[in-house]
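Peer 1: Here you go, this is entry_33.cif (mmCIF, C-alpha atoms).
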```
data_input
#
loop_
_atom_site.label_atom_id
_atom_site.label_comp_id
_atom_site.auth_asym_id
_atom_site.auth_seq_id
_atom_site.Cartn_x
_atom_site.Cartn_y
_atom_site.Cartn_z
CA MET C 6 12.48 0.56 -23.48
CA SER C 7 13.02 -2.46 -21.22
CA TYR C 8 10.36 -5.01 -20.46
CA LEU C 9 9.77 -8.48 -19.05
CA ALA C 10 7.60 -11.10 -20.70
CA TRP C 11 6.76 -14.75 -20.31
CA ILE C 12 4.93 -17.33 -22.39
CA ASP C 13 4.45 -20.57 -20.49
CA PHE C 14 5.76 -20.30 -16.94
CA ASP C 15 4.31 -22.54 -14.26
CA PRO C 16 2.33 -20.75 -11.53
CA GLU C 17 5.37 -20.31 -9.27
CA GLU C 18 7.50 -18.78 -12.03
CA ARG C 19 4.62 -16.56 -13.12
CA ARG C 20 4.20 -15.35 -9.55
CA ARG C 21 7.90 -14.56 -9.23
CA ALA C 22 7.93 -12.65 -12.51
CA GLN C 23 4.78 -10.67 -11.66
CA THR C 24 6.16 -9.78 -8.23
CA LEU C 25 9.36 -8.50 -9.82
CA ILE C 26 7.37 -6.37 -12.26
CA ASP C 27 5.25 -4.99 -9.42
CA LEU C 28 8.34 -3.98 -7.48
CA PHE C 29 9.78 -2.15 -10.50
CA LYS C 30 6.48 -0.31 -10.91
CA GLN C 31 6.39 1.00 -7.36
CA PRO C 32 6.80 4.81 -7.39
CA GLU C 33 7.88 7.12 -4.63
CA ALA C 34 4.94 7.04 -2.25
CA ARG C 35 5.36 10.38 -0.46
CA ASP C 36 2.08 12.04 0.42
CA GLU C 37 3.13 15.59 -0.45
CA LEU C 38 -0.38 17.05 -0.63
CA GLY C 39 -2.01 15.27 2.29
CA LEU C 40 -4.11 12.88 0.24
CA GLY C 41 -3.38 9.91 2.50
CA THR C 42 -6.63 10.07 4.46
CA VAL C 43 -8.79 9.46 1.38
CA ARG C 44 -6.25 7.10 -0.16
CA ASP C 45 -6.05 4.90 2.93
CA GLY C 46 -9.76 5.13 3.68
CA LEU C 47 -10.73 3.82 0.24
CA ALA C 48 -7.96 1.20 0.36
CA ASP C 49 -9.20 -0.04 3.74
CA LEU C 50 -12.71 -0.44 2.33
CA LEU C 51 -11.51 -2.24 -0.79
CA PHE C 52 -8.55 -4.28 0.50
CA PRO C 53 -8.66 -4.51 4.33
CA GLY C 54 -5.65 -5.98 6.09
CA THR C 55 -3.21 -4.91 3.39
CA SER C 56 -0.56 -2.19 3.41
CA THR C 57 1.88 -0.89 0.83
CA ILE C 58 4.90 -2.14 2.79
CA GLN C 59 3.71 -5.73 2.89
CA THR C 60 5.35 -8.08 0.41
CA ARG C 61 4.03 -11.66 0.42
CA LEU C 62 0.88 -13.28 1.77
CA ARG C 63 2.51 -16.19 3.60
CA TYR C 64 3.94 -13.75 6.13
CA MET C 65 0.37 -13.75 7.52
CA LEU C 66 1.21 -17.30 8.65
CA PHE C 67 4.94 -16.99 9.27
CA ILE C 68 4.48 -14.32 11.96
CA PRO C 69 1.93 -16.28 14.08
CA TRP C 70 4.10 -19.40 13.79
CA ILE C 71 7.15 -17.50 15.00
CA TYR C 72 5.27 -15.91 17.89
CA LEU C 73 3.78 -19.22 18.97
CA GLU C 74 7.27 -20.69 18.98
CA ALA C 75 8.60 -17.83 21.12
CA GLN C 76 5.59 -17.93 23.43
CA GLY C 77 6.19 -21.62 24.01
CA ARG C 78 9.66 -21.00 25.44
CA LYS C 79 10.20 -20.92 29.20
CA ALA C 80 11.66 -17.44 29.47
CA THR C 81 10.91 -13.94 30.66
CA GLN C 82 8.90 -11.51 28.57
CA ALA C 83 12.08 -9.63 27.60
CA GLU C 84 13.83 -12.86 26.65
CA ARG C 85 10.91 -13.97 24.48
CA ILE C 86 11.00 -10.63 22.66
CA VAL C 87 14.63 -11.31 21.76
CA ILE C 88 13.79 -14.90 20.81
CA ALA C 89 11.04 -13.78 18.44
CA ARG C 90 13.37 -11.23 16.82
CA ASP C 91 16.05 -13.89 16.30
CA LEU C 92 13.46 -16.24 14.81
CA GLU C 93 12.46 -13.56 12.29
CA PHE C 94 16.06 -13.33 11.13
CA GLN C 95 16.16 -17.13 10.88
CA LEU C 96 13.04 -16.95 8.72
CA SER C 97 14.74 -14.53 6.31
CA GLU C 98 17.68 -16.92 5.96
CA ALA C 99 15.33 -19.89 5.51
CA LEU C 100 13.51 -18.09 2.70
CA LEU C 101 16.78 -17.30 0.95
CA ARG C 102 17.86 -20.93 1.29
CA GLY C 103 14.51 -21.89 -0.21
CA GLY C 104 15.31 -19.87 -3.33
CA GLU C 105 13.23 -16.78 -2.57
CA THR C 106 14.86 -13.51 -3.61
CA ILE C 107 11.90 -11.14 -4.01
CA GLY C 108 9.82 -9.88 -1.10
CA VAL C 109 12.07 -11.30 1.64
CA ILE C 110 11.91 -8.76 4.46
CA GLY C 111 15.45 -8.30 5.76
CA ARG C 112 17.10 -9.82 2.70
CA ASP C 113 19.66 -7.03 2.40
CA ALA C 114 19.69 -5.50 5.89
CA GLY C 115 20.08 -8.76 7.78
CA GLN C 116 20.55 -8.23 11.52
CA ASN C 117 20.51 -4.46 10.95
CA LEU C 118 16.88 -4.53 9.86
CA LYS C 119 14.95 -1.73 11.57
CA ARG C 120 11.38 -2.75 10.74
CA LEU C 121 10.69 -6.42 11.29
CA ALA C 122 8.13 -8.37 9.29
CA SER C 123 6.02 -8.70 12.43
CA SER C 124 5.67 -4.89 12.56
CA VAL C 125 4.73 -4.77 8.89
CA TYR C 126 1.97 -7.36 9.27
CA TRP C 127 0.81 -6.79 12.87
CA ALA C 128 -2.21 -4.61 12.08
CA GLY C 129 -3.26 -6.76 9.10
CA LEU C 130 -3.17 -9.89 11.25
CA ASN C 131 -5.70 -8.28 13.57
CA THR C 132 -7.90 -6.94 10.76
CA LEU C 133 -8.24 -10.41 9.24
CA GLY C 134 -8.83 -12.12 12.57
CA ILE C 135 -5.63 -14.15 12.51
CA ARG C 136 -4.45 -12.33 15.63
CA THR C 137 -7.48 -12.43 17.93
CA LEU C 138 -6.20 -10.50 20.94
CA ALA C 139 -5.52 -6.78 20.91
CA GLY C 140 -2.11 -5.71 22.07
CA SER C 141 1.43 -4.89 21.07
CA HIS C 142 4.23 -7.27 20.17
CA SER C 143 5.65 -7.02 23.67
CA THR C 144 2.23 -7.65 25.23
CA PHE C 145 2.03 -10.93 23.34
CA MET C 146 5.42 -11.94 24.67
CA SER C 147 4.09 -11.62 28.22
CA TYR C 148 2.12 -14.83 27.61
CA GLY C 149 4.30 -17.88 28.09
CA PRO C 150 3.76 -21.65 28.28
CA GLU C 151 1.73 -21.48 31.49
CA SER C 152 -0.56 -18.71 30.20
CA LEU C 153 -1.24 -20.56 26.98
CA LYS C 154 -2.60 -23.54 28.89
CA ASP C 155 -5.61 -21.38 29.76
CA HIS C 156 -8.17 -22.46 27.19
CA ASP C 157 -9.99 -19.14 27.53
CA LEU C 158 -6.95 -17.20 26.33
CA LYS C 159 -7.12 -16.88 22.57
CA LEU C 160 -4.18 -15.10 21.00
CA TRP C 161 -4.44 -16.53 17.50
CA SER C 162 -7.18 -17.99 15.32
CA SER C 163 -8.13 -21.43 16.59
CA ASN C 164 -7.85 -23.03 13.14
CA LEU C 165 -4.47 -21.54 12.28
CA PRO C 166 -2.64 -24.10 10.09
CA LYS C 167 0.24 -25.96 11.70
CA PRO C 168 3.70 -24.80 10.60
CA PRO C 169 5.95 -27.08 8.57
CA ALA C 170 8.52 -28.65 10.89
CA ASP C 171 11.46 -27.13 9.00
CA PHE C 172 10.07 -23.73 8.05
CA LEU C 173 12.85 -21.96 9.96
CA VAL C 174 15.47 -24.02 8.14
CA GLU C 175 14.33 -23.77 4.54
CA THR C 176 11.02 -22.50 3.21
CA CYS C 177 9.31 -20.52 0.45
CA PHE C 178 6.38 -18.18 -0.13
CA ALA C 179 4.19 -20.68 -1.98
CA LEU C 180 1.01 -21.39 -0.03
CA THR C 181 -0.27 -24.91 0.47
CA GLU C 182 -3.87 -25.61 -0.44
CA GLY C 183 -4.82 -25.77 3.23
CA GLU C 184 -3.08 -22.50 4.04
CA ALA C 185 -4.83 -20.76 1.16
CA ALA C 186 -8.19 -22.12 2.34
CA PHE C 187 -7.54 -20.74 5.83
CA LEU C 188 -6.62 -17.29 4.49
CA ARG C 189 -9.69 -17.22 2.24
CA ASP C 190 -11.80 -18.08 5.27
CA ARG C 191 -10.22 -15.24 7.27
CA ILE C 192 -10.92 -12.80 4.44
CA GLU C 193 -14.48 -14.09 4.10
CA SER C 194 -15.27 -13.85 7.78
CA HIS C 195 -13.53 -10.54 8.55
CA ALA C 196 -13.65 -8.67 5.23
CA GLY C 197 -16.72 -10.19 3.63
CA ALA C 198 -18.06 -6.99 2.11
CA SER C 199 -14.73 -5.99 0.58
CA LEU C 200 -13.55 -6.20 -3.01
CA LEU C 201 -10.66 -8.33 -1.74
CA ASN C 202 -13.13 -11.00 -0.65
CA GLU C 203 -15.24 -10.81 -3.78
CA LEU C 204 -12.18 -11.33 -5.97
CA ALA C 205 -10.64 -14.00 -3.71
CA ARG C 206 -13.77 -16.08 -4.26
CA LYS C 207 -12.99 -16.16 -7.97
CA GLY C 208 -9.80 -18.17 -7.42
CA LYS C 209 -7.95 -16.50 -10.26
CA THR C 210 -5.08 -14.16 -11.02
CA PHE C 211 -5.81 -10.54 -11.92
CA THR C 212 -3.36 -8.71 -14.16
CA GLU C 213 -5.21 -5.40 -14.60
CA ASP C 214 -3.14 -2.30 -13.88
CA TRP C 215 -5.93 -0.69 -11.83
CA PRO C 216 -8.69 -2.22 -9.70
CA TRP C 217 -11.45 -0.34 -11.56
CA GLN C 218 -10.41 -2.15 -14.74
CA VAL C 219 -11.54 -5.51 -13.31
CA SER C 220 -14.65 -6.50 -15.24
CA GLU C 221 -15.99 -9.25 -13.00
CA ASP C 222 -19.79 -9.09 -13.12
CA THR C 223 -20.05 -10.48 -9.59
CA ILE C 224 -18.58 -7.34 -8.01
CA SER C 225 -21.27 -5.80 -5.83
CA ASP C 226 -22.86 -2.45 -6.61
CA ALA C 227 -21.41 -1.09 -3.36
CA ASN C 228 -17.86 -1.98 -4.36
CA ARG C 229 -18.42 -0.69 -7.88
CA ALA C 230 -19.41 2.65 -6.35
CA ILE C 231 -16.27 2.69 -4.19
CA LEU C 232 -14.16 1.84 -7.24
CA ARG C 233 -15.70 4.71 -9.19
CA HIS C 234 -14.79 7.10 -6.38
CA ALA C 235 -11.29 5.61 -6.31
CA GLU C 236 -10.86 5.98 -10.08
CA ARG C 237 -11.98 9.59 -10.02
CA PHE C 238 -9.90 10.50 -6.99
CA SER C 239 -6.80 8.82 -8.41
CA GLY C 240 -7.29 10.45 -11.80
CA VAL C 241 -8.04 13.99 -10.72
CA MET C 242 -5.51 14.22 -7.87
CA TYR C 243 -2.80 12.82 -10.13
CA GLY C 244 -2.93 16.20 -11.85
CA ALA C 245 -2.39 18.01 -8.55
CA SER C 246 0.71 15.89 -7.90
CA LEU C 247 2.08 16.57 -11.38
CA PHE C 248 1.39 20.29 -11.01
CA TYR C 249 3.12 20.34 -7.61
CA ASN C 250 6.25 18.85 -9.15
CA LEU C 251 6.07 21.23 -12.12
CA LEU C 252 5.97 24.21 -9.76
CA LEU C 253 8.99 22.82 -7.91
CA ALA C 254 10.87 22.38 -11.18
CA LEU C 255 10.09 25.95 -12.19
CA ARG C 256 11.28 27.23 -8.81
CA ALA C 257 14.48 25.22 -9.09
CA ALA C 258 15.12 26.51 -12.62
CA ASP C 259 14.98 30.08 -11.28
CA ARG C 260 17.79 29.32 -8.85
CA PRO C 261 20.95 28.96 -10.98
CA ASN C 262 23.12 28.25 -7.94
CA ALA C 263 21.14 25.14 -7.06
CA LYS C 264 23.60 22.59 -8.40
CA LYS C 265 21.41 19.64 -7.57
CA HIS C 266 18.72 20.76 -9.99
CA ALA C 267 20.71 21.55 -13.10
CA ASP C 268 18.15 19.48 -15.01
CA ALA C 269 15.20 21.52 -13.72
CA GLY C 270 14.39 22.79 -17.23
CA SER C 271 13.99 19.31 -18.67
CA LEU C 272 12.01 18.23 -15.60
CA ALA C 273 9.61 21.13 -16.12
CA ALA C 274 9.14 20.18 -19.77
CA ASP C 275 8.40 16.60 -18.78
CA TYR C 276 5.80 17.63 -16.19
CA ARG C 277 4.15 20.00 -18.68
CA SER C 278 3.84 17.14 -21.14
CA ARG C 279 2.38 14.80 -18.53
CA LEU C 280 -0.11 17.47 -17.45
CA GLU C 281 -1.33 17.84 -21.03
CA VAL C 282 -1.93 14.10 -21.22
CA TRP C 283 -3.70 14.26 -17.86
CA LYS C 284 -6.04 17.04 -19.02
CA ALA C 285 -6.87 15.12 -22.20
CA GLU C 286 -7.96 12.12 -20.12
CA LEU C 287 -10.23 13.97 -17.69
CA ASP C 288 -13.45 13.68 -19.70
CA HIS C 289 -14.03 10.01 -18.91
CA LEU C 290 -14.02 10.83 -15.17
CA ALA C 291 -17.25 12.83 -15.58
CA LEU C 292 -16.28 15.18 -12.78
CA GLY C 293 -19.49 17.17 -13.15
CA ASP C 294 -21.45 14.18 -11.84
CA TRP C 295 -19.08 13.38 -8.97
CA ASP C 296 -20.72 13.56 -5.54
CA LEU C 297 -17.86 14.56 -3.27
CA ASP C 298 -20.11 14.49 -0.22
CA ASP C 299 -20.70 10.80 -0.89
CA LEU C 300 -16.93 10.24 -1.12
CA PHE C 301 -16.34 12.07 2.14
CA GLY C 302 -19.13 10.07 3.74
CA LEU C 303 -17.40 6.84 2.76
CA ILE C 304 -14.18 7.96 4.40
CA GLY C 305 -16.19 8.85 7.49
CA ARG C 306 -17.09 5.15 7.81
CA THR C 307 -13.41 4.30 8.28
CA SER C 308 -10.95 5.05 11.06
CA HIS C 309 -9.44 7.92 9.06
CA ASN C 310 -10.24 11.52 9.98
CA LEU C 311 -10.77 13.74 6.95
CA THR C 312 -10.23 17.33 8.06
CA LYS C 313 -12.09 20.36 6.74
CA SER C 314 -8.88 21.71 5.18
CA SER C 315 -8.46 18.45 3.26
CA ARG C 316 -12.06 18.53 2.05
CA ASP C 317 -11.65 22.15 0.98
CA PHE C 318 -8.43 21.39 -0.89
CA ILE C 319 -9.99 18.43 -2.73
CA ARG C 320 -13.06 20.48 -3.67
CA GLY C 321 -10.86 23.33 -4.86
CA TRP C 322 -8.68 21.14 -7.06
CA VAL C 323 -11.65 19.23 -8.50
CA THR C 324 -13.20 22.57 -9.48
CA ILE C 325 -9.97 23.62 -11.21
CA ALA C 326 -9.74 20.30 -13.05
CA ARG C 327 -13.40 20.40 -14.07
CA ASP C 328 -13.66 24.04 -15.14
CA GLY C 329 -10.14 24.98 -16.24
CA THR C 330 -9.57 25.72 -19.92
CA GLY C 331 -6.03 27.05 -20.34
CA PRO C 332 -2.64 25.74 -19.13
CA VAL C 333 -2.86 24.99 -15.45
CA GLU C 334 0.48 26.68 -14.74
CA ALA C 335 -1.10 30.00 -15.77
CA ASP C 336 -3.95 29.53 -13.29
CA HIS C 337 -3.02 31.72 -10.33
CA HIS C 338 -5.82 30.22 -8.25
CA ALA C 339 -4.36 26.74 -8.80
CA ILE C 340 -0.88 27.93 -7.85
CA GLU C 341 -2.14 29.60 -4.70
CA LEU C 342 -4.22 26.54 -3.77
CA LEU C 343 -1.15 24.28 -3.83
CA LYS C 344 1.02 26.79 -1.99
CA GLN C 345 -1.52 27.18 0.78
CA ARG C 346 -2.06 23.43 0.99
CA GLU C 347 1.64 22.65 1.34
CA HIS C 348 2.18 25.45 3.83
CA GLY C 349 -0.73 24.20 5.94
CA LEU C 350 0.79 20.72 5.99
CA LYS C 351 4.51 21.46 6.32
CA ARG C 352 5.01 25.06 7.43
CA MET C 353 8.77 25.79 7.21
CA LYS C 354 9.34 22.56 5.27
CA ALA C 355 7.11 23.65 2.39
CA ARG C 356 9.18 23.41 -0.80
CA LEU C 357 7.01 25.82 -2.76
CA LEU C 358 7.79 28.56 -0.24
CA HIS C 359 11.22 27.84 1.25
CA ASP C 360 14.59 27.19 -0.39
CA ALA C 361 16.17 24.75 2.06
CA PRO C 362 13.54 22.00 1.64
CA LEU C 363 13.57 22.58 -2.13
CA GLU C 364 17.24 21.57 -2.13
CA ARG C 365 16.16 18.16 -0.83
CA TRP C 366 13.66 17.61 -3.66
CA SER C 367 14.54 14.49 -5.63
CA GLY C 368 12.94 15.73 -8.85
CA ALA C 369 9.87 13.52 -8.41
CA SER C 370 7.84 13.53 -5.20
CA GLY C 371 4.61 11.57 -5.04
CA ASP C 372 4.14 12.00 -8.79
CA ALA C 373 2.32 8.74 -9.47
CA ARG C 374 -1.36 7.82 -9.60
CA LEU C 375 -2.87 6.22 -6.52
CA ASP C 376 -3.79 2.54 -6.85
CA PHE C 377 -5.20 2.05 -3.33
CA ARG C 378 -2.94 -0.96 -2.62
CA TRP C 379 -4.09 -2.82 -5.72
CA GLY C 380 -0.48 -3.83 -6.36
CA ILE C 381 -0.21 -5.83 -3.14
CA ALA C 382 -3.85 -7.00 -3.23
CA SER C 383 -3.58 -8.39 -6.76
CA ARG C 384 -0.34 -10.14 -5.80
CA TYR C 385 -2.10 -11.77 -2.85
CA LEU C 386 -4.98 -12.85 -5.09
CA GLY C 387 -2.49 -14.44 -7.47
CA GLU C 388 -0.79 -16.33 -4.65
CA LEU C 389 -4.14 -17.64 -3.46
CA ALA C 390 -5.01 -18.71 -7.00
CA ASP C 391 -1.67 -20.47 -7.45
CA ALA C 392 -2.35 -22.55 -4.34
CA GLY C 393 -5.54 -23.92 -5.94
#
```
What would you get if you wrote out this structure as C-alpha cells?

Peer 2:
Amino acid sequence: MSYLAWIDFDPEERRRAQTLIDLFKQPEARDELGLGTVRDGLADLLFPGTSTIQTRLRYMLFIPWIYLEAQGRKATQAERIVIARDLEFQLSEALLRGGETIGVIGRDAGQNLKRLASSVYWAGLNTLGIRTLAGSHSTFMSYGPESLKDHDLKLWSSNLPKPPADFLVETCFALTEGEAAFLRDRIESHAGASLLNELARKGKTFTEDWPWQVSEDTISDANRAILRHAERFSGVMYGASLFYNLLLALRAADRPNAKKHADAGSLAADYRSRLEVWKAELDHLALGDWDLDDLFGLIGRTSHNLTKSSRDFIRGWVTIARDGTGPVEADHHAIELLKQREHGLKRMKARLLHDAPLERWSGASGDARLDFRWGIASRYLGELADAG
C-alpha cells in the first residue's frame, strides 16, 4: 500500500500535500443510476458555489481580474473574448512559473484546453455574489471601457480586492489575508445558512473524510439534518452502485469473446466482497427511521427537479437495503429494479441490457460513495485557514 504523510509542514506545504491526496482520492464520477439530482441538491445546500471540477479557491479572484482587464481594453466584443481567453492561458503559465503544479487548469492541455477556468467558475462566481450581473461570458465582453464608466453598471462585487500588478507574470494559489476576508464575506452574505459558511467562520482546516464526521458543536440543527440525509443517501446508494457494477461484471463474465473483460471474474469477486462490507455497515444508518419525504422536500427547495421515477427508484432501493436478508445478487426484485432504472435513463445505451455499451465499461463506473463536494469544500476551507 502506498501513502503520503507529513509531520511539520508549513501551511503552504500542508495545503499542497492535502490537495495532492484529494486528487488521488477522486473516483470516476459517472452518474450511472441518475442520482445526480439528489447529490447536487444536497451539495448546493451544504456547499453553495462549489463544483466538483473546481480546483483552487483563488480562481474566484483570478477570473474577475482577468475579465476586468479584458473589459478595460478598447476593442470589439469579439476581440475582448479572444483577449480574455489569451489572458487565461497567461494565468496558467504564471501559476506554473510561481511553482504551482496541482490544480492549475490548463497545465497539461495548454492552448488546446477545451474548458477554460472561467467556465468552471462562472456559476459559482454568481452564487457567491462576486459576479453581480447575470449573463454569459460573451455578454460580459460586450461591456467595454465606456460602459464601465456608468456607475450604475455593476458587473462585479464593489469591494473586489485589487489584483497584484504581476499576477499574469508569476503568481500562486495562496490567498492574502485581505483576499480571504473578502471571500469569507461573500460566503457569509450569499451562503449564510450553509455548512460552508458555518465552517468558514471557524478559521481552521478540516481533515475528516466525510462532512458528517465534522464534530463542530456550532453546526446548526438545520445543517445537521441535511448532513444526516446526506450520510444516509451516500451510504445506502453506494450499495446500488456496487450492485450495478457487480451485475455488469457477471454479464461480462458470461461473454467469453469479450476480450476487454477477461478479468470479469475477479471484478465480480471484488464487488461481492465490497457489497458484504456495505451490508454490514447499514445498521448505523437507521434506515427504518429515514423520512424520505423530508429528503425529497429538501431537494424541492433547490433548482434541481427530482422526477417521480427517481423518487420511486430511491424508495425501491432503500426498501431492498432495509429489508433484504440474503445476498443481494439473488434478489430478483433488486436486479429488475436496476435494469429498469438504467433502461429508463439510457435506453439503447443501457449496459445491463445491451452488449455494445457493455464493451465500453471500464470495470468501475460510478462505484464510489458520494461526498457532496466535501473534497473541494474542505480544500477551500483549508486555504482560507492558511491565509489567517

Peer 1: Taking (15.1, 25.5, -6.5) in the coordinates of the supplied file, I want to know which residues reach to within 7 Å of it, counting all atoms listed in the file; could you give the answer as a list in words?

Peer 2: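 Protein, DNA and RNA residues close to (15.1, 25.5, -6.5): Leu253, Arg256, Ala257, Ala258, Asp259, Arg260, Ala263, His266, Asp360, Leu363 and Glu364 of chain C.
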
Peer 1: For the file shown, what are the residues hit by the PyMOL selection byres ((chain C and resi 267-271) around 7), laid out as a JSON list (two decimals) with C-alpha atoms, in the coordinates of the input?

Peer 2:
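Full text of selection03.json as output:
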```json
[["chain", "number", "residue", "atom", "x", "y", "z"],
["C", 254, "ALA", "CA", 10.87, 22.38, -11.18],
["C", 255, "LEU", "CA", 10.09, 25.95, -12.19],
["C", 257, "ALA", "CA", 14.48, 25.22, -9.09],
["C", 258, "ALA", "CA", 15.12, 26.51, -12.62],
["C", 264, "LYS", "CA", 23.60, 22.59, -8.40],
["C", 265, "LYS", "CA", 21.41, 19.64, -7.57],
["C", 266, "HIS", "CA", 18.72, 20.76, -9.99],
["C", 272, "LEU", "CA", 12.01, 18.23, -15.60],
["C", 273, "ALA", "CA", 9.61, 21.13, -16.12],
["C", 274, "ALA", "CA", 9.14, 20.18, -19.77],
["C", 275, "ASP", "CA", 8.40, 16.60, -18.78]]
```

Peer 1: Go through C:Leu51, C:Val323, C:Leu130, C:Ile192 one by one, measure the shortest atom-to-atom distance of each to Asp294 in chain C using only C-alpha atoms, and give the residue with the smallest value.

Peer 2: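 For Asp294 in chain C, the nearest of the candidates is C:Val323.
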
Peer 1: Run through the PyMOL selection byres ((chain C and resi 203-207) around 10) on the given coordinates and return the selected residues as an mmCIF file with C-alpha atoms, keeping the file's coordinate frame.

Peer 2:
```cif
data_model
loop_
_atom_site.group_PDB
_atom_site.id
_atom_site.type_symbol
_atom_site.label_atom_id
_atom_site.label_comp_id
_atom_site.auth_asym_id
_atom_site.auth_seq_id
_atom_site.Cartn_x
_atom_site.Cartn_y
_atom_site.Cartn_z
ATOM 1 C CA LEU C 51 -11.510 -2.240 -0.790
ATOM 2 C CA LEU C 188 -6.620 -17.290 4.490
ATOM 3 C CA ARG C 189 -9.690 -17.220 2.240
ATOM 4 C CA ASP C 190 -11.800 -18.080 5.270
ATOM 5 C CA ILE C 192 -10.920 -12.800 4.440
ATOM 6 C CA GLU C 193 -14.480 -14.090 4.100
ATOM 7 C CA ALA C 196 -13.650 -8.670 5.230
ATOM 8 C CA GLY C 197 -16.720 -10.190 3.630
ATOM 9 C CA ALA C 198 -18.060 -6.990 2.110
ATOM 10 C CA SER C 199 -14.730 -5.990 0.580
ATOM 11 C CA LEU C 200 -13.550 -6.200 -3.010
ATOM 12 C CA LEU C 201 -10.660 -8.330 -1.740
ATOM 13 C CA ASN C 202 -13.130 -11.000 -0.650
ATOM 14 C CA GLY C 208 -9.800 -18.170 -7.420
ATOM 15 C CA LYS C 209 -7.950 -16.500 -10.260
ATOM 16 C CA THR C 210 -5.080 -14.160 -11.020
ATOM 17 C CA PHE C 211 -5.810 -10.540 -11.920
ATOM 18 C CA VAL C 219 -11.540 -5.510 -13.310
ATOM 19 C CA GLU C 221 -15.990 -9.250 -13.000
ATOM 20 C CA THR C 223 -20.050 -10.480 -9.590
ATOM 21 C CA ILE C 224 -18.580 -7.340 -8.010
ATOM 22 C CA SER C 225 -21.270 -5.800 -5.830
ATOM 23 C CA ASN C 228 -17.860 -1.980 -4.360
ATOM 24 C CA ALA C 382 -3.850 -7.000 -3.230
ATOM 25 C CA SER C 383 -3.580 -8.390 -6.760
ATOM 26 C CA TYR C 385 -2.100 -11.770 -2.850
ATOM 27 C CA LEU C 386 -4.980 -12.850 -5.090
ATOM 28 C CA GLY C 387 -2.490 -14.440 -7.470
ATOM 29 C CA LEU C 389 -4.140 -17.640 -3.460
ATOM 30 C CA ALA C 390 -5.010 -18.710 -7.000
#
```

Peer 1: Which is closest to Leu165 in chain C among C:Phe67, C:Phe187, C:Tyr126, C:Phe301, if we use all atoms listed in the file?

Peer 2: C:Phe187

Peer 1: Do a neighbour search on Ser239 in chain C at 8 Å with only C-alpha atoms, toss out local chain neighbours closer than 3 positions, and write the hits as a PyMOL selection string.

Peer 2: chain C and resi 235-236+242-243+374-376

Peer 1: Nearest residue to Ser194 in chain C out of C:Glu334, C:Thr132, C:Ala361, C:Ile88, using only C-alpha atoms?

Peer 2: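 The closest residue to Ser194 in chain C is C:Thr132.
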
Peer 1: For range 220-229 of chain C, what centre and edge lengths in Å (one decimal) does the axis-aligned box get once 4 Å is added on each side of all its listed atoms, as AutoDock Vina command-line options?

Peer 2:
```
--center_x -18.8 --center_y -5.6 --center_z -9.3 --size_x 16.2 --size_y 17.8 --size_z 19.9
```

Peer 1: With 12 Å as the threshold, what does the neighbourhood of (12.7, -8.5, -0.4) contain in terms of residues, counting all atoms listed in the file? Coordinates are those of the file; answer as a ChimeraX atom specification.

Peer 2: /C:21,24-25,28,58-61,97-98,100-101,105-115,118,122,178

Peer 1: Can I get the selected residues back with C-alpha atoms, as a PDB file, in the frame of the given file?

Peer 2:
```pdb
ATOM      1  CA  ARG C  21       7.900 -14.560  -9.230  1.00  0.00           C
ATOM      2  CA  THR C  24       6.160  -9.780  -8.230  1.00  0.00           C
ATOM      3  CA  LEU C  25       9.360  -8.500  -9.820  1.00  0.00           C
ATOM      4  CA  LEU C  28       8.340  -3.980  -7.480  1.00  0.00           C
ATOM      5  CA  ILE C  58       4.900  -2.140   2.790  1.00  0.00           C
ATOM      6  CA  GLN C  59       3.710  -5.730   2.890  1.00  0.00           C
ATOM      7  CA  THR C  60       5.350  -8.080   0.410  1.00  0.00           C
ATOM      8  CA  ARG C  61       4.030 -11.660   0.420  1.00  0.00           C
ATOM      9  CA  SER C  97      14.740 -14.530   6.310  1.00  0.00           C
ATOM     10  CA  GLU C  98      17.680 -16.920   5.960  1.00  0.00           C
ATOM     11  CA  LEU C 100      13.510 -18.090   2.700  1.00  0.00           C
ATOM     12  CA  LEU C 101      16.780 -17.300   0.950  1.00  0.00           C
ATOM     13  CA  GLU C 105      13.230 -16.780  -2.570  1.00  0.00           C
ATOM     14  CA  THR C 106      14.860 -13.510  -3.610  1.00  0.00           C
ATOM     15  CA  ILE C 107      11.900 -11.140  -4.010  1.00  0.00           C
ATOM     16  CA  GLY C 108       9.820  -9.880  -1.100  1.00  0.00           C
ATOM     17  CA  VAL C 109      12.070 -11.300   1.640  1.00  0.00           C
ATOM     18  CA  ILE C 110      11.910  -8.760   4.460  1.00  0.00           C
ATOM     19  CA  GLY C 111      15.450  -8.300   5.760  1.00  0.00           C
ATOM     20  CA  ARG C 112      17.100  -9.820   2.700  1.00  0.00           C
ATOM     21  CA  ASP C 113      19.660  -7.030   2.400  1.00  0.00           C
ATOM     22  CA  ALA C 114      19.690  -5.500   5.890  1.00  0.00           C
ATOM     23  CA  GLY C 115      20.080  -8.760   7.780  1.00  0.00           C
ATOM     24  CA  LEU C 118      16.880  -4.530   9.860  1.00  0.00           C
ATOM     25  CA  ALA C 122       8.130  -8.370   9.290  1.00  0.00           C
ATOM     26  CA  PHE C 178       6.380 -18.180  -0.130  1.00  0.00           C
TER      27      PHE C 178
END
```

Peer 1: Step by step, work through what the PyMOL selection byres ((chain C and resi 168) around 12) selects in the shown file, and finish by giving those residues as a ChimeraX atom specification.

Peer 2: /C:63-74,164-167,169-173,176,180-181,183-184

Peer 1: Have a look at CA of Thr57 in chain C and CA of Ala373 in chain C and let me know their distance in Å, one decimal.

Peer 2: 14.1 Å

Peer 1: Kindly give the distance, in Å, that separates CA of Asp226 in chain C and CA of Trp283 in chain C, rounded to a single decimal.

Peer 2: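 Atom-to-atom, CA of Asp226 in chain C to CA of Trp283 in chain C, that is 27.8 Å.
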
Peer 1: Take CA of Gly104 in chain C and CA of Ser56 in chain C and report the distance between them in Å, one decimal.

Peer 2: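 The value is 24.7 Å.
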
Peer 1: Tell me which protein, DNA and RNA residues are within 12 Å of Gly371 in chain C, counting all atoms listed in the file, leaving out same-chain ones fewer than 6 positions away, and put them as a list in words.

Peer 2: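 Selected residues are Gln31, Pro32, Glu33, Ala34, Arg35, Asp36, Glu37, Leu38, Gly39, Leu40, Gly41, Met242, Tyr243, Gly244, Ala245, Ser246, Leu247, Phe248, Tyr249 and Asn250 of chain C.
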
Peer 1: Gly305 in chain C: which residues within 12 Å, counting all atoms listed in the file, same-chain residues fewer than 3 positions away excluded, as a PyMOL selection string?

Peer 2: chain C and resi 42-43+45-47+49-50+298-302+308-312+316
